[in-house]
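> mmCIF, C-alpha atoms, saved as start12.cif, coming up:
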data_final
#
loop_
_atom_site.label_atom_id
_atom_site.label_comp_id
_atom_site.auth_asym_id
_atom_site.auth_seq_id
_atom_site.Cartn_x
_atom_site.Cartn_y
_atom_site.Cartn_z
CA MET K 1328 54.88 59.18 53.99
CA ARG K 1329 56.16 56.23 52.02
CA ILE K 1330 59.00 56.52 49.53
CA LEU K 1331 60.24 54.13 46.88
CA LEU K 1332 64.01 54.60 46.56
CA VAL K 1333 65.44 53.25 43.30
CA GLU K 1334 69.25 53.20 43.46
CA ASP K 1335 71.67 50.50 42.31
CA ASP K 1336 74.70 51.73 44.27
CA ASN K 1337 74.77 49.69 47.50
CA LEU K 1338 76.68 52.20 49.62
CA LEU K 1339 74.65 55.22 48.51
CA GLY K 1340 71.35 53.35 48.64
CA ASP K 1341 71.94 52.09 52.16
CA GLY K 1342 72.95 55.54 53.39
CA LEU K 1343 69.98 57.20 51.68
CA ARG K 1344 67.49 54.71 53.07
CA THR K 1345 68.87 55.22 56.58
CA GLY K 1346 68.77 59.01 56.22
CA LEU K 1347 65.24 59.08 54.83
CA ILE K 1348 63.97 56.87 57.64
CA GLN K 1349 65.56 59.23 60.16
CA TYR K 1350 63.62 62.06 58.50
CA GLY K 1351 60.42 60.13 59.14
CA TYR K 1352 59.82 58.51 55.75
CA ALA K 1353 58.88 54.85 55.45
CA THR K 1354 61.40 53.93 52.76
CA ASP K 1355 61.51 50.87 50.49
CA TRP K 1356 64.71 50.41 48.48
CA VAL K 1357 65.07 48.53 45.19
CA LYS K 1358 68.21 48.24 43.09
CA ASP K 1359 67.02 47.78 39.50
CA GLY K 1360 64.47 49.28 37.18
CA LEU K 1361 62.45 46.12 36.59
CA THR K 1362 61.80 45.61 40.31
CA ALA K 1363 60.91 49.29 40.64
CA ASP K 1364 58.44 49.02 37.75
CA ARG K 1365 56.76 46.01 39.33
CA ALA K 1366 56.58 47.67 42.75
CA LEU K 1367 54.98 50.80 41.30
CA LYS K 1368 52.38 48.67 39.51
CA THR K 1369 51.26 46.86 42.65
CA GLU K 1370 51.83 49.16 45.64
CA ALA K 1371 51.08 52.75 46.63
CA PHE K 1372 53.92 55.21 47.30
CA ASP K 1373 53.74 58.89 48.17
CA LEU K 1374 57.04 59.76 46.47
CA VAL K 1375 59.68 58.15 44.25
CA VAL K 1376 63.41 58.91 44.33
CA LEU K 1377 64.73 57.54 41.05
CA ASP K 1378 68.22 57.00 39.65
CA LEU K 1379 68.55 56.92 35.86
CA GLY K 1380 71.43 54.53 35.25
CA LEU K 1381 69.76 51.32 36.44
CA PRO K 1382 70.24 47.65 35.46
CA LYS K 1383 67.47 45.65 33.72
CA LEU K 1384 65.35 48.73 32.95
CA SER K 1385 66.46 52.36 32.74
CA GLY K 1386 65.16 55.01 35.09
CA ILE K 1387 63.66 56.88 32.13
CA ALA K 1388 61.74 53.73 31.12
CA VAL K 1389 60.48 53.28 34.70
CA LEU K 1390 59.29 56.88 34.68
CA GLN K 1391 57.66 56.65 31.25
CA ASN K 1392 55.85 53.44 32.24
CA LEU K 1393 54.60 55.07 35.44
CA ARG K 1394 53.14 58.03 33.56
CA ALA K 1395 51.74 55.82 30.77
CA ARG K 1396 49.70 53.99 33.44
CA GLY K 1397 48.25 57.34 34.49
CA GLN K 1398 49.96 57.32 37.89
CA THR K 1399 50.64 60.81 39.22
CA THR K 1400 53.03 59.88 42.06
CA PRO K 1401 55.65 62.66 42.40
CA VAL K 1402 59.09 61.58 41.12
CA LEU K 1403 62.44 63.16 41.94
CA ILE K 1404 65.30 62.04 39.70
CA LEU K 1405 68.55 61.64 41.62
CA THR K 1406 71.44 60.98 39.26
CA ALA K 1407 75.04 61.71 38.36
CA ARG K 1408 73.91 62.78 34.87
CA GLU K 1409 74.06 66.55 34.98
CA SER K 1410 73.92 67.72 31.36
CA ILE K 1411 71.10 70.03 30.27
CA GLU K 1412 70.03 67.37 27.76
CA ASP K 1413 69.64 64.76 30.53
CA ARG K 1414 67.70 67.20 32.73
CA VAL K 1415 65.35 68.11 29.89
CA LYS K 1416 64.78 64.46 28.97
CA GLY K 1417 64.06 63.51 32.58
CA LEU K 1418 61.62 66.36 33.16
CA ASP K 1419 59.91 65.88 29.79
CA SER K 1420 59.50 62.16 30.59
CA GLY K 1421 57.38 63.05 33.61
CA ALA K 1422 59.77 63.80 36.48
CA ASP K 1423 58.72 66.52 38.93
CA ASP K 1424 62.22 67.49 40.08
CA TYR K 1425 65.85 66.70 39.27
CA LEU K 1426 68.82 66.62 41.65
CA THR K 1427 72.37 65.69 40.70
CA LYS K 1428 74.94 63.76 42.72
CA PRO K 1429 76.71 64.62 44.96
CA PHE K 1430 73.91 66.18 46.97
CA ASP K 1431 73.00 67.22 50.49
CA LEU K 1432 70.41 65.13 52.34
CA ASP K 1433 68.79 68.24 53.83
CA GLU K 1434 68.26 69.66 50.34
CA LEU K 1435 66.87 66.35 49.08
CA CYS K 1436 64.33 66.23 51.93
CA ALA K 1437 63.40 69.89 51.38
CA ARG K 1438 62.71 69.10 47.72
CA LEU K 1439 60.61 66.08 48.73
CA ARG K 1440 58.56 68.25 51.09
CA ALA K 1441 58.03 70.74 48.26
CA LEU K 1442 56.80 67.92 46.02
CA GLN K 1443 54.41 66.79 48.75
CA ARG K 1444 52.98 70.30 49.04
CA ARG K 1445 52.60 70.66 45.29
CA PHE K 1446 50.93 67.27 44.94
CA ALA K 1447 48.51 68.15 47.75
CA SER K 1448 47.83 71.59 46.14
CA ARG K 1449 49.11 73.26 49.27
CA ALA K 1450 51.29 76.38 49.11
CA GLU K 1451 52.01 76.94 52.79
CA PRO K 1452 54.92 74.99 54.35
CA LEU K 1453 52.96 74.45 57.59
CA LEU K 1454 49.91 72.23 57.91
CA VAL K 1455 47.30 74.05 60.01
CA TYR K 1456 44.07 72.34 61.05
CA LYS K 1457 41.88 74.20 63.52
CA ASN K 1458 44.15 74.61 66.60
CA ILE K 1459 46.78 72.09 65.43
CA THR K 1460 49.95 73.10 63.57
CA LEU K 1461 52.30 70.55 62.00
CA ASP K 1462 55.71 71.62 60.69
CA PRO K 1463 57.06 68.99 58.23
CA ALA K 1464 60.53 70.59 58.07
CA ALA K 1465 61.09 70.90 61.82
CA HIS K 1466 59.15 67.68 62.47
CA THR K 1467 57.15 69.35 65.25
CA VAL K 1468 53.50 69.50 66.25
CA ALA K 1469 51.72 72.10 68.36
CA MET K 1470 48.18 72.48 69.68
CA ASP K 1471 47.08 75.96 70.78
CA ASN K 1472 50.73 76.97 70.22
CA ASN K 1473 51.89 74.43 72.83
CA PRO K 1474 54.31 71.69 71.70
CA VAL K 1475 52.92 68.16 71.57
CA ASN K 1476 55.28 65.20 71.70
CA VAL K 1477 54.54 62.55 69.08
CA SER K 1478 56.50 59.52 67.92
CA ARG K 1479 57.92 59.27 64.39
CA ARG K 1480 55.02 57.13 63.18
CA GLU K 1481 52.41 59.19 65.01
CA PHE K 1482 53.83 62.23 63.21
CA ALA K 1483 53.62 60.48 59.83
CA LEU K 1484 50.05 59.33 60.50
CA LEU K 1485 48.99 62.79 61.67
CA HIS K 1486 50.61 64.34 58.57
CA LYS K 1487 48.68 61.97 56.31
CA LEU K 1488 45.36 62.69 58.00
CA LEU K 1489 45.86 66.46 58.04
CA GLU K 1490 46.61 66.48 54.31
CA ASN K 1491 43.32 64.71 53.64
CA PRO K 1492 40.58 66.32 55.78
CA GLY K 1493 37.13 65.05 54.93
CA ARG K 1494 38.52 62.03 53.08
CA VAL K 1495 38.26 58.47 54.38
CA LEU K 1496 41.66 56.75 54.28
CA SER K 1497 41.65 52.98 54.34
CA ARG K 1498 43.42 51.02 57.02
CA GLU K 1499 45.65 49.40 54.37
CA HIS K 1500 46.58 52.77 52.86
CA LEU K 1501 47.51 54.26 56.22
CA THR K 1502 49.50 51.19 57.26
CA GLN K 1503 51.46 51.24 53.98
CA SER K 1504 52.27 54.91 54.60
CA LEU K 1505 53.85 54.07 57.95
CA TYR K 1506 55.75 50.84 57.34
CA GLY K 1507 58.18 49.70 54.67
CA TRP K 1508 58.90 46.19 53.44
CA GLY K 1509 60.36 43.78 55.97
CA GLU K 1510 59.26 45.73 59.03
CA ASP K 1511 57.49 43.81 61.77
CA VAL K 1512 53.97 45.19 62.02
CA ASP K 1513 51.61 44.08 64.78
CA SER K 1514 48.04 43.47 63.64
CA ASN K 1515 46.80 46.31 65.85
CA ALA K 1516 49.73 48.71 65.28
CA LEU K 1517 47.64 51.28 63.39
CA GLU K 1518 44.92 51.22 66.04
CA VAL K 1519 47.54 51.88 68.73
CA HIS K 1520 48.78 54.96 66.86
CA ILE K 1521 45.20 56.17 66.35
CA HIS K 1522 44.50 55.68 70.08
CA ASN K 1523 47.61 57.68 71.02
CA LEU K 1524 46.68 60.57 68.72
CA ARG K 1525 43.17 60.66 70.17
CA LYS K 1526 44.62 60.87 73.67
CA LYS K 1527 46.71 63.88 72.63
CA PHE K 1528 44.22 65.72 70.41
CA GLY K 1529 40.80 64.60 71.64
CA GLN K 1530 38.68 61.47 71.36
CA THR K 1531 36.57 62.93 68.54
CA PHE K 1532 39.57 64.14 66.51
CA ILE K 1533 39.81 61.00 64.35
CA HIS K 1534 36.62 59.24 63.21
CA THR K 1535 36.46 55.50 62.64
CA ILE K 1536 34.51 54.58 59.52
CA ARG K 1537 33.64 51.00 60.33
CA GLY K 1538 34.86 48.50 57.78
CA ILE K 1539 36.65 51.18 55.73
CA GLY K 1540 39.21 53.24 57.65
CA TYR K 1541 39.68 56.60 59.36
CA MET K 1542 39.17 60.28 58.67
CA ILE K 1543 39.18 63.73 60.22
CA ASP K 1544 36.47 66.29 59.49
CA LYS K 1545 37.08 69.23 57.20
CA SER K 1546 37.83 72.50 58.93
CA LYS K 1547 34.89 74.89 59.10
CA ASP K 1548 36.66 77.28 56.72
CA GLU K 1549 37.13 74.57 54.08
CA LYS K 1550 34.63 74.00 51.32
#
Can you present the structure in this file as structure tokens?


Amino acid sequence: MRILLVEDDNLLGDGLRTGLIQYGYATDWVKDGLTADRALKTEAFDLVVLDLGLPKLSGIAVLQNLRARGQTTPVLILTARESIEDRVKGLDSGADDYLTKPFDLDELCARLRALQRRFASRAEPLLVYKNITLDPAAHTVAMDNNPVNVSRREFALLHKLLENPGRVLSREHLTQSLYGWGEDVDSNALEVHIHNLRKKFGQTFIHTIRGIGYMIDKSKDEK
């Protein structure tokens, strides 16, 4: 999953980016509202963590612009503003959740997982596909109740595919979900991760749709 972190405090932003990456999120960090607005216009993110008191363009303006463009990307406001009025304004402007500073990183990530579930119209905390179970909170994967070791990016790729059974995901979309700005990405990096997942879950688990991307079939009990 790819996150856009919008935070102008250098110390907090650096610590948050490091923590989110450790939790398995590809995280891009910007420090002002104008850069955030431009990034959200041109690139795809799964989640946004947004401060309100930003230079150049306020967090509320970034949020209002996002919603005015019809973009439904889940947004969690993370701010020192804790009055009821500020909470109401943030939520009424289109935010999906609101967390005040100081905060606990575990709680922040739990809230982000909840937003992911809500956005995917999924109530259960576990992702279950046939004989595969993925636990986003524990960051574990099992097949037939036996643990399967996967790398951080294999986990993120598997998570993305399992949330979209029956849907073809483009190579560009999947790559953007795994890597943030400035990361060195080999031209065949995605194919390597796909190959590794096929070795662990079966050669027919992930289908290649030539010239478009990849997909997994819908489960038999899905309509």

> As a check of understanding, name the residues that the PyMOL selection byres ((chain K and resi 1350) around 10) selects in the supplied structure, as a PyMOL selection string.

chain K and resi 1344-1349+1351-1353+1432-1433+1436+1463-1466+1479

> If we count all atoms listed in the file and set the cut-off at 12 Å, which residues sit around stretch 1414-1420 of chain K, ignoring sequence neighbours fewer than 5 positions away in its own chain? Please answer as a list of chain:residue names.

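Returned residues: K:Leu1377, K:Asp1378, K:Leu1379, K:Gly1380, K:Ser1385, K:Gly1386, K:Ile1387, K:Ala1388, K:Val1389, K:Leu1390, K:Gln1391, K:Asn1392, K:Leu1393, K:Arg1394, K:Ala1395, K:Pro1401, K:Val1402, K:Leu1403, K:Ile1404, K:Leu1405, K:Thr1406, K:Ala1407, K:Arg1408, K:Glu1409, K:Tyr1425, K:Leu1426, K:Thr1427.
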
> Looking at only C-alpha atoms, which of K:Asp1355, K:Glu1481, K:Glu1434, K:Asp1364 is the one that sits closest to K:Trp1508?

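Using only C-alpha atoms, K:Trp1508 sits closest to K:Asp1355.
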
> Identify which of the residues K:Leu1517, K:Arg1449, K:Glu1510, K:Lys1526 lies closest to K:Val1475, counting all atoms listed in the file when measuring atom-to-atom distances.

K:Lys1526

> Would you translate the PyMOL selection byres ((chain K and resi 1456) around 12) into the concrete set of residues it matches in this file, as number ranges by chain?

K: 1453-1455, 1457-1462, 1468-1471, 1485-1486, 1488-1493, 1528, 1532, 1543-1549

> Kindly give the distance, in Å, that separates atom CA of K:Met1328 and atom CA of K:Leu1442, rounded to a single decimal.

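Computing it gives 12.0 Å between the two atoms.
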